[in-house]
file work.txt (compact mmCIF, C-alpha atoms)
# COMPACT_ATOMS: atom_id res chain seq x y z
CA MET E 1 -138.23 86.15 -45.52
CA SER E 2 -137.51 85.24 -49.04
CA VAL E 3 -136.40 81.79 -50.22
CA SER E 4 -133.31 81.65 -52.28
CA PRO E 5 -133.40 80.04 -55.74
CA PHE E 6 -130.71 77.61 -54.70
CA ALA E 7 -132.89 76.19 -51.93
CA ILE E 8 -135.75 75.76 -54.35
CA ILE E 9 -133.53 73.84 -56.74
CA VAL E 10 -132.23 71.56 -53.99
CA LEU E 11 -135.74 70.88 -52.80
CA ALA E 12 -136.86 70.03 -56.32
CA ILE E 13 -133.92 67.70 -56.81
CA LEU E 14 -134.71 66.00 -53.50
CA VAL E 15 -138.35 65.48 -54.44
CA LEU E 16 -137.33 64.16 -57.84
CA ALA E 17 -134.89 61.70 -56.25
CA ILE E 18 -137.57 60.46 -53.92
CA LEU E 19 -139.96 60.04 -56.84
CA VAL E 20 -137.32 58.20 -58.89
CA ILE E 21 -136.56 55.86 -56.02
CA PHE E 22 -140.28 55.21 -55.47
CA MET E 23 -140.83 54.45 -59.17
CA GLY E 24 -137.68 52.36 -59.62
CA VAL E 25 -137.88 50.12 -56.54
CA LYS E 26 -140.60 47.42 -56.58
CA SER E 27 -141.38 44.90 -53.82
CA VAL E 28 -143.14 41.79 -55.16
CA PRO E 29 -145.15 39.72 -52.57
CA GLN E 30 -144.52 36.02 -52.11
CA GLY E 31 -146.57 33.81 -54.43
CA ARG E 32 -146.84 36.46 -57.14
CA GLU E 33 -144.92 37.55 -60.21
CA TRP E 34 -145.04 40.84 -62.11
CA THR E 35 -144.20 41.43 -65.72
CA VAL E 36 -142.13 44.46 -66.77
CA GLU E 37 -142.88 46.37 -70.00
CA ARG E 38 -140.54 48.88 -71.58
CA PHE E 39 -142.40 51.24 -73.84
CA GLY E 40 -145.19 48.63 -73.99
CA ARG E 41 -142.97 45.64 -74.77
CA TYR E 42 -142.41 42.77 -72.36
CA THR E 43 -138.85 42.64 -71.11
CA ARG E 44 -138.68 40.51 -67.94
CA THR E 45 -140.56 39.11 -64.94
CA LEU E 46 -140.09 40.33 -61.39
CA ARG E 47 -139.77 37.55 -58.78
CA PRO E 48 -140.94 37.82 -55.15
CA GLY E 49 -138.77 40.25 -53.18
CA LEU E 50 -137.12 43.65 -53.85
CA ASN E 51 -136.63 44.51 -57.54
CA LEU E 52 -135.38 47.58 -59.45
CA ILE E 53 -136.69 48.95 -62.72
CA VAL E 54 -135.83 51.99 -64.80
CA PRO E 55 -138.16 54.82 -63.80
CA PHE E 56 -140.19 56.52 -66.49
CA VAL E 57 -138.98 53.86 -68.96
CA ASP E 58 -140.15 50.54 -67.49
CA GLN E 59 -143.56 49.96 -66.07
CA ILE E 60 -145.40 47.03 -64.43
CA GLY E 61 -147.53 45.10 -66.89
CA ALA E 62 -149.50 42.14 -65.34
CA LYS E 63 -149.55 41.01 -61.73
CA LEU E 64 -150.17 37.27 -61.66
CA SER E 65 -150.66 34.85 -58.78
CA MET E 66 -148.40 31.81 -58.96
CA MET E 67 -150.37 29.90 -56.33
CA GLU E 68 -152.89 27.14 -57.13
CA THR E 69 -156.22 28.73 -57.94
CA VAL E 70 -159.76 27.37 -57.86
CA LEU E 71 -162.37 28.19 -60.47
CA GLU E 72 -166.01 27.20 -60.34
CA VAL E 73 -167.54 25.79 -63.48
CA PRO E 74 -171.14 27.03 -63.77
CA GLN E 75 -174.02 24.62 -64.27
CA GLN E 76 -174.81 23.46 -67.77
CA GLU E 77 -177.09 20.89 -69.35
CA VAL E 78 -175.50 17.89 -71.04
CA ILE E 79 -177.23 15.31 -73.27
CA THR E 80 -175.79 11.83 -72.71
CA LYS E 81 -175.31 9.12 -75.30
CA ASP E 82 -178.69 7.56 -74.44
CA ASN E 83 -180.45 10.95 -74.80
CA ALA E 84 -180.78 11.70 -71.08
CA MET E 85 -180.63 15.36 -70.05
CA VAL E 86 -178.48 16.03 -66.96
CA THR E 87 -177.29 19.20 -65.24
CA VAL E 88 -173.57 19.28 -64.44
CA ASP E 89 -171.23 21.62 -62.59
CA GLY E 90 -167.71 21.32 -61.23
CA VAL E 91 -164.49 22.97 -60.07
CA ILE E 92 -161.06 23.48 -61.65
CA PHE E 93 -157.70 23.66 -59.87
CA TYR E 94 -154.91 25.26 -61.89
CA GLN E 95 -151.54 26.95 -61.34
CA VAL E 96 -149.65 29.47 -63.44
CA LEU E 97 -146.15 28.24 -64.26
CA ASP E 98 -145.06 30.94 -66.74
CA ALA E 99 -146.26 34.47 -65.97
CA ALA E 100 -145.30 35.89 -69.34
CA LYS E 101 -147.28 33.28 -71.29
CA ALA E 102 -150.27 33.58 -68.96
CA ALA E 103 -150.23 37.34 -69.39
CA TYR E 104 -149.61 37.65 -73.12
CA GLU E 105 -150.71 34.35 -74.76
CA VAL E 106 -154.38 34.62 -73.75
CA GLY E 107 -156.59 37.60 -73.22
CA ASN E 108 -158.60 36.50 -70.17
CA LEU E 109 -157.05 33.46 -68.55
CA GLU E 110 -159.81 32.49 -66.14
CA SER E 111 -162.61 32.91 -68.67
CA ALA E 112 -160.65 30.91 -71.24
CA ILE E 113 -160.09 28.03 -68.79
CA ILE E 114 -163.76 27.97 -67.74
CA ASN E 115 -165.10 27.96 -71.30
CA LEU E 116 -162.59 25.36 -72.40
CA THR E 117 -163.61 23.11 -69.51
CA MET E 118 -167.33 23.49 -70.16
CA THR E 119 -166.86 22.58 -73.80
CA ASN E 120 -164.90 19.46 -72.96
CA ILE E 121 -167.42 18.46 -70.30
CA ARG E 122 -170.13 18.33 -72.97
CA THR E 123 -167.81 16.38 -75.27
CA VAL E 124 -166.67 13.78 -72.71
CA MET E 125 -169.96 13.27 -70.90
CA GLY E 126 -171.99 13.31 -74.10
CA SER E 127 -170.17 10.19 -75.28
CA MET E 128 -171.25 8.15 -72.23
CA ASP E 129 -174.49 6.52 -71.13
CA LEU E 130 -176.29 7.77 -68.04
CA ASP E 131 -175.43 4.74 -65.92
CA GLU E 132 -171.80 4.99 -66.96
CA LEU E 133 -171.88 8.72 -66.29
CA LEU E 134 -173.14 8.28 -62.73
CA SER E 135 -170.79 5.46 -61.83
CA ASN E 136 -167.53 6.61 -63.48
CA ARG E 137 -166.87 10.10 -62.17
CA ASP E 138 -163.20 9.39 -61.61
CA GLN E 139 -162.79 8.35 -65.23
CA ILE E 140 -164.57 11.52 -66.37
CA ASN E 141 -162.31 13.68 -64.17
CA VAL E 142 -159.17 12.06 -65.59
CA LYS E 143 -160.28 12.54 -69.19
CA LEU E 144 -161.25 16.17 -68.62
CA MET E 145 -158.01 17.01 -66.84
CA LYS E 146 -155.90 15.52 -69.63
CA VAL E 147 -157.77 17.37 -72.39
CA VAL E 148 -157.85 20.74 -70.60
CA ASP E 149 -154.25 20.48 -69.43
CA ASP E 150 -153.02 19.82 -72.95
CA ALA E 151 -155.05 22.77 -74.23
CA THR E 152 -153.79 25.22 -71.57
CA GLU E 153 -150.12 24.24 -71.77
CA PRO E 154 -149.32 27.00 -74.34
CA TRP E 155 -150.74 29.50 -71.85
CA GLY E 156 -148.16 28.61 -69.21
CA VAL E 157 -150.83 27.02 -67.01
CA LYS E 158 -150.88 23.60 -65.34
CA VAL E 159 -154.33 22.14 -64.63
CA THR E 160 -153.84 20.00 -61.51
CA ARG E 161 -157.37 18.73 -61.01
CA ILE E 162 -160.90 18.88 -62.40
CA GLU E 163 -163.75 17.59 -60.28
CA ILE E 164 -167.34 17.07 -61.39
CA ARG E 165 -169.19 18.33 -58.36
CA ASP E 166 -172.77 17.48 -59.10
CA ILE E 167 -174.73 15.53 -61.75
CA THR E 168 -178.47 16.10 -61.53
CA PRO E 169 -180.78 14.00 -63.76
CA PRO E 170 -184.40 15.07 -64.34
CA ARG E 171 -186.94 14.28 -61.62
CA ASP E 172 -188.84 11.67 -63.65
CA LEU E 173 -185.57 9.97 -64.49
CA VAL E 174 -184.62 9.92 -60.81
CA GLU E 175 -187.94 8.26 -59.98
CA SER E 176 -187.37 5.66 -62.70
CA MET E 177 -183.91 4.99 -61.35
CA GLY E 178 -185.39 4.56 -57.87
CA ARG E 179 -187.86 1.98 -59.16
CA GLN E 180 -185.07 0.24 -61.04
CA MET E 181 -182.93 0.14 -57.90
CA LYS E 182 -185.85 -1.24 -55.88
CA ALA E 183 -186.47 -3.94 -58.48
CA GLU E 184 -182.78 -4.85 -58.44
CA ARG E 185 -182.83 -5.06 -54.64
CA ASP E 186 -185.93 -7.26 -54.75
CA ARG E 187 -184.26 -9.50 -57.32
CA ARG E 188 -181.17 -9.89 -55.14
CA ALA E 189 -183.33 -10.62 -52.10
CA THR E 190 -185.24 -13.29 -54.04
CA ILE E 191 -181.99 -14.85 -55.24
CA LEU E 192 -180.57 -14.89 -51.72
CA GLU E 193 -183.77 -16.41 -50.35
CA ALA E 194 -183.71 -19.09 -53.05
CA GLU E 195 -180.07 -19.81 -52.30
CA GLY E 196 -180.89 -20.16 -48.62
CA THR E 197 -183.78 -22.53 -49.34
CA ARG E 198 -181.57 -24.56 -51.67
CA GLN E 199 -178.82 -24.77 -49.07
CA ALA E 200 -181.31 -25.80 -46.40
CA GLN E 201 -182.73 -28.53 -48.63
CA ILE E 202 -179.23 -29.76 -49.41
CA LEU E 203 -178.34 -29.90 -45.72
CA ARG E 204 -181.64 -31.62 -44.92
CA ALA E 205 -181.02 -34.19 -47.66
CA GLU E 206 -177.50 -34.73 -46.36
CA GLY E 207 -178.91 -35.31 -42.89
CA LEU E 208 -181.49 -37.79 -44.17
CA LYS E 209 -178.76 -39.53 -46.15
CA GLN E 210 -176.53 -39.85 -43.09
CA ALA E 211 -179.48 -41.06 -41.02
CA ALA E 212 -180.34 -43.68 -43.64
CA ILE E 213 -176.70 -44.79 -43.78
CA LEU E 214 -176.51 -45.10 -40.01
CA GLU E 215 -179.85 -46.93 -39.90
CA ALA E 216 -178.66 -49.34 -42.61
CA GLU E 217 -175.43 -49.90 -40.73
CA GLY E 218 -177.45 -50.56 -37.58
CA ARG E 219 -179.64 -53.07 -39.39
CA ARG E 220 -176.54 -54.66 -40.87
CA GLU E 221 -174.94 -54.94 -37.45
CA ALA E 222 -178.17 -56.32 -35.96
CA ALA E 223 -178.50 -58.85 -38.79
CA PHE E 224 -174.88 -59.84 -38.26
CA ARG E 225 -175.53 -60.30 -34.55
CA ASP E 226 -178.72 -62.28 -35.24
CA ALA E 227 -176.91 -64.48 -37.74
CA GLU E 228 -174.12 -65.02 -35.22
CA ALA E 229 -176.68 -65.91 -32.54
CA ARG E 230 -178.45 -68.32 -34.90
CA GLU E 231 -175.11 -69.80 -35.85
CA ARG E 232 -174.22 -70.38 -32.23
CA SER E 233 -177.70 -71.76 -31.54
CA ALA E 234 -177.30 -74.10 -34.51
CA GLU E 235 -173.90 -75.16 -33.21
CA ALA E 236 -175.40 -75.87 -29.80
CA GLU E 237 -178.27 -77.78 -31.43
CA ALA E 238 -175.78 -79.72 -33.52
CA LYS E 239 -173.75 -80.58 -30.43
CA ALA E 240 -176.90 -81.71 -28.59
CA THR E 241 -177.98 -83.79 -31.58
CA THR E 242 -174.50 -85.28 -31.80
CA ALA E 243 -174.59 -86.16 -28.10
CA VAL E 244 -178.00 -87.81 -28.47
CA SER E 245 -176.83 -89.66 -31.58
CA GLU E 246 -173.77 -90.93 -29.73
CA ALA E 247 -175.96 -92.03 -26.82
CA ILE E 248 -178.27 -93.91 -29.19
CA ALA E 249 -175.32 -95.46 -30.97
CA ALA E 250 -173.98 -96.60 -27.58
CA GLY E 251 -177.20 -98.54 -27.03
CA SER E 252 -179.09 -96.17 -24.69
CA VAL E 253 -182.55 -96.07 -26.20
CA GLN E 254 -183.87 -94.03 -23.29
CA ALA E 255 -181.88 -91.02 -24.49
CA ILE E 256 -184.05 -90.64 -27.55
CA ASN E 257 -187.12 -91.35 -25.41
CA TYR E 258 -186.12 -88.39 -23.24
CA PHE E 259 -185.57 -86.18 -26.25
CA VAL E 260 -188.93 -87.03 -27.82
CA ALA E 261 -190.80 -86.71 -24.51
CA THR E 262 -189.36 -83.25 -23.90
CA LYS E 263 -190.39 -82.00 -27.36
CA TYR E 264 -193.80 -83.57 -26.89
CA VAL E 265 -194.47 -81.77 -23.61
CA ASP E 266 -193.15 -78.44 -25.00
CA SER E 267 -195.48 -78.73 -27.98
CA LEU E 268 -198.49 -79.34 -25.71
CA LYS E 269 -197.57 -76.36 -23.59
CA ALA E 270 -197.20 -74.09 -26.64
CA ILE E 271 -200.59 -75.17 -28.00
CA ALA E 272 -202.32 -74.69 -24.66
CA SER E 273 -200.81 -71.21 -24.06
CA ALA E 274 -201.82 -69.73 -27.47
CA PRO E 275 -203.75 -66.44 -26.89
CA ASN E 276 -206.28 -67.15 -29.66
CA GLN E 277 -207.35 -70.50 -28.24
CA LYS E 278 -209.83 -70.58 -25.40
CA VAL E 279 -211.13 -74.17 -25.75
CA LEU E 280 -208.77 -76.99 -26.85
CA PHE E 281 -210.06 -80.25 -28.39
CA MET E 282 -207.37 -82.80 -29.11
CA PRO E 283 -207.59 -86.60 -29.73
CA ILE E 284 -205.03 -87.28 -27.02
CA GLU E 285 -205.56 -89.54 -24.01
CA ALA E 286 -204.18 -88.66 -20.66
CA SER E 287 -202.43 -92.02 -20.52
CA SER E 288 -200.21 -90.94 -23.44
CA VAL E 289 -198.92 -87.95 -21.49
CA ILE E 290 -198.55 -90.12 -18.39
CA GLY E 291 -196.68 -92.66 -20.49
CA ALA E 292 -194.35 -89.91 -21.70
CA ILE E 293 -193.71 -88.89 -18.11
CA GLY E 294 -193.12 -92.54 -17.29
CA GLY E 295 -190.53 -92.68 -20.06
CA ILE E 296 -188.72 -89.71 -18.47
CA ALA E 297 -188.85 -91.50 -15.09
CA GLU E 298 -187.34 -94.63 -16.63
CA ILE E 299 -184.48 -92.52 -18.04
CA ALA E 300 -183.92 -91.06 -14.61
CA ARG E 301 -183.85 -94.60 -13.01
CA GLU E 302 -181.32 -95.76 -15.55
CA ALA E 303 -179.20 -92.68 -14.90
CA PHE E 304 -179.17 -92.90 -11.07
CA GLY E 305 -179.62 -96.64 -10.32
CA PRO E 306 -177.28 -99.48 -11.36
CA SER E 307 -178.81 -101.95 -13.77
CA GLY E 308 -182.21 -100.19 -13.56
CA SER E 309 -182.52 -100.61 -9.70
CA ARG E 310 -182.89 -97.92 -7.11
CA ALA E 311 -180.29 -97.02 -4.60
CA ASP E 312 -181.99 -99.04 -1.80
CA GLY E 313 -181.80 -102.31 -3.84
CA ALA E 314 -185.54 -102.50 -4.56
CA PRO E 315 -186.58 -103.36 -8.08
CA PRO E 316 -187.92 -100.53 -10.14
CA PRO E 317 -191.68 -100.11 -10.09
CA ALA E 318 -193.56 -101.38 -13.06
CA SER E 319 -194.95 -98.79 -15.33
CA PRO E 320 -198.75 -98.70 -15.49
CA PRO E 321 -200.34 -100.27 -18.50
CA ARG E 322 -201.24 -97.86 -21.29
CA ARG E 323 -204.16 -98.12 -23.61
CA PRO E 324 -203.92 -97.27 -27.21
CA PRO E 325 -205.36 -93.95 -28.24
CA ALA E 326 -208.97 -93.79 -29.24
CA GLY E 327 -209.61 -94.42 -32.86
CA SER E 328 -206.31 -96.26 -33.46
CA ALA E 329 -206.47 -99.54 -35.35
CA ALA E 330 -203.84 -101.36 -33.27
CA ALA E 331 -202.71 -101.16 -29.70
CA ALA E 332 -199.45 -99.45 -28.84
CA PRO E 333 -196.50 -101.72 -28.50
CA GLU E 334 -195.48 -102.88 -25.09
CA GLY E 335 -193.77 -100.21 -23.11
CA GLY E 336 -195.85 -97.27 -24.45
CA PRO E 337 -195.34 -95.00 -27.43
CA TRP E 338 -191.65 -94.71 -26.67
CA GLY E 339 -190.76 -98.29 -27.62
CA PRO E 340 -189.94 -101.41 -25.59
CA LYS E 341 -188.55 -101.00 -22.14
CA ALA E 342 -184.92 -101.62 -21.61
call {"tool": "encode", "arguments": {"input": "work.txt", "output": "structure tokens"}}
result
Amino acid sequence: MSVSPFAIIVLAILVLAILVIFMGVKSVPQGREWTVERFGRYTRTLRPGLNLIVPFVDQIGAKLSMMETVLEVPQQEVITKDNAMVTVDGVIFYQVLDAAKAAYEVGNLESAIINLTMTNIRTVMGSMDLDELLSNRDQINVKLMKVVDDATEPWGVKVTRIEIRDITPPRDLVESMGRQMKAERDRRATILEAEGTRQAQILRAEGLKQAAILEAEGRREAAFRDAEARERSAEAEAKATTAVSEAIAAGSVQAINYFVATKYVDSLKAIASAPNQKVLFMPIEASSVIGAIGGIAEIAREAFGPSGSRADGAPPPASPPRRPPAGSAAAAPEGGPWGPKA
């Protein structure tokens, strides 16, 4: 069975139509953009979705991802401002905003971004001391991102973040930093201990001060009470002396005899009861003490009997005669050492 030429032509036209449709219809995935070149010249950018191009005239140039992309910055050695050698690496986050610029303004976008970042890492970190480098990573990241973002803007790229991942000083430098940290910790501990001792001494001094104040106030109060007691005792003594003086002024001589006799007996008792006296030698006759007691008895008779007589009407008994003390030049006056009888 032979095939007619017409059937061959129809089949060829059908195959050509299928090929034209396949070459002219393009489906771009989400998150990507394709550039279109006509005879090698950029004409337009295909967005995500179904797109049509002219077959055999237009062709797809670059297929770029419009999503945020991560690049690793390889390790490199950086010399700091104080001549310390450190090893640094990091990561870059960037996003293509203009596919045409990213495809035609730079030859190899990822390599250009990595090399640009490494160069600026050496520039930024080389202008800082080691201590500042280790403690200010955020500041380093901000500086690097600003410099790299400004440099990649003509490429249609937005650098969203640059992070320094690791900073590794030499081993001997790490050991020195460890010793420095230990010394700093010891210094802080010593300062805190000294502060605690100082605070304890201050509190102890405050306590002693309060105790001394309270003790002084107690002594002041006690002295005030003692003075008040002495004042009242003096007032009582003054009243007693006033009473005796009034009695003497009224003509009662026995009142003063009673007063003197009482003091006399109290003095003898105090001398006899002294703990450092075991044997007592005094030039005192017993008749003097008896005479003093007789004087007290006479005061009692005058107080309880009218006109010196007892209650039963009998005359008062005569007081025994008293001899003058031994060694005296003259005899005691009549009535004893207390004066004449009333």
call {"tool": "atom_distance", "arguments": {"input": "work.txt", "atom1": "atom CA of Asn141 of chain E", "atom2": "atom CA of Ile164 of chain E"}}
result
6.7 Å
call {"tool": "closest_residue", "arguments": {"input": "work.txt", "among": "E:Asp58, E:Thr168, E:Gln30, E:Gly49", "to": "Ile79 of chain E", "atoms": "only C-alpha atoms"}}
result
E:Thr168
call {"tool": "atom_distance", "arguments": {"input": "work.txt", "atom1": "atom CA of Thr35 of chain E", "atom2": "atom CA of Glu72 of chain E"}}
result
26.6 Å
call {"tool": "closest_residue", "arguments": {"input": "work.txt", "among": "E:Lys263, E:Arg165, E:Arg41, E:Val15", "to": "Thr87 of chain E", "atoms": "only C-alpha atoms"}}
result
E:Arg165
call {"tool": "atom_distance", "arguments": {"input": "work.txt", "atom1": "atom CA of Val142 of chain E", "atom2": "atom CA of Glu105 of chain E"}}
result
25.5 Å
call {"tool": "closest_residue", "arguments": {"input": "work.txt", "among": "E:Arg225, E:Glu217, E:Met128, E:Ala62", "to": "Asn108 of chain E", "atoms": "all atoms listed in the file"}}
result
E:Ala62
call {"tool": "closest_residue", "arguments": {"input": "work.txt", "among": "E:Arg38, E:Lys81, E:Lys269, E:Arg32", "to": "Gly61 of chain E", "atoms": "only C-alpha atoms"}}
result
E:Arg38
call {"tool": "residues_around", "arguments": {"input": "work.txt", "residues": "Thr117 of chain E", "least_positions_apart": "2", "cutoff": "8 Å", "atoms": "only C-alpha atoms", "output": "ChimeraX atom specification"}}
result
/E:73,113-115,119-121,144,148
call {"tool": "write_last_selection", "arguments": {"input": "work.txt", "atoms": "C-alpha atoms", "output": "mmCIF file, keeping the file's coordinate frame"}}
result
data_model
loop_
_atom_site.group_PDB
_atom_site.id
_atom_site.type_symbol
_atom_site.label_atom_id
_atom_site.label_comp_id
_atom_site.auth_asym_id
_atom_site.auth_seq_id
_atom_site.Cartn_x
_atom_site.Cartn_y
_atom_site.Cartn_z
ATOM 1 C CA VAL E 73 -167.540 25.790 -63.480
ATOM 2 C CA ILE E 113 -160.090 28.030 -68.790
ATOM 3 C CA ILE E 114 -163.760 27.970 -67.740
ATOM 4 C CA ASN E 115 -165.100 27.960 -71.300
ATOM 5 C CA THR E 119 -166.860 22.580 -73.800
ATOM 6 C CA ASN E 120 -164.900 19.460 -72.960
ATOM 7 C CA ILE E 121 -167.420 18.460 -70.300
ATOM 8 C CA LEU E 144 -161.250 16.170 -68.620
ATOM 9 C CA VAL E 148 -157.850 20.740 -70.600
#
call {"tool": "closest_residue", "arguments": {"input": "work.txt", "among": "E:Met66, E:Val78, E:Val57, E:Met118", "to": "Gly24 of chain E", "atoms": "only C-alpha atoms"}}
result
E:Val57
call {"tool": "axis_aligned_box", "arguments": {"input": "work.txt", "around": "segment 139-142 of chain E", "padding_each_side": "5 Å", "output": "JSON"}}
result
{"center_x": -161.9, "center_y": 11.0, "center_z": -65.3, "size_x": 15.4, "size_y": 15.3, "size_z": 12.2}
call {"tool": "closest_residue", "arguments": {"input": "work.txt", "among": "E:Gln75, E:Thr80, E:Thr242, E:Ser65", "to": "Ala99 of chain E", "atoms": "only C-alpha atoms"}}
result
E:Ser65
call {"tool": "residues_around", "arguments": {"input": "work.txt", "residues": "Pro154 of chain E", "least_positions_apart": "3", "cutoff": "8 Å", "atoms": "all atoms listed in the file", "output": "compact mmCIF listing (two decimals) with C-alpha atoms, in the frame of the given file"}}
result
# COMPACT_ATOMS: atom_id res chain seq x y z
CA LYS E 101 -147.28 33.28 -71.29
CA GLU E 105 -150.71 34.35 -74.76
CA ALA E 151 -155.05 22.77 -74.23
CA VAL E 157 -150.83 27.02 -67.01
call {"tool": "residues_near_point", "arguments": {"input": "work.txt", "point": "(-139.6, 48.6, -59.3)", "cutoff": "6 Å", "atoms": "all atoms listed in the file", "output": "MDAnalysis selection string"}}
result
chainID E and resid 23:26 51:53
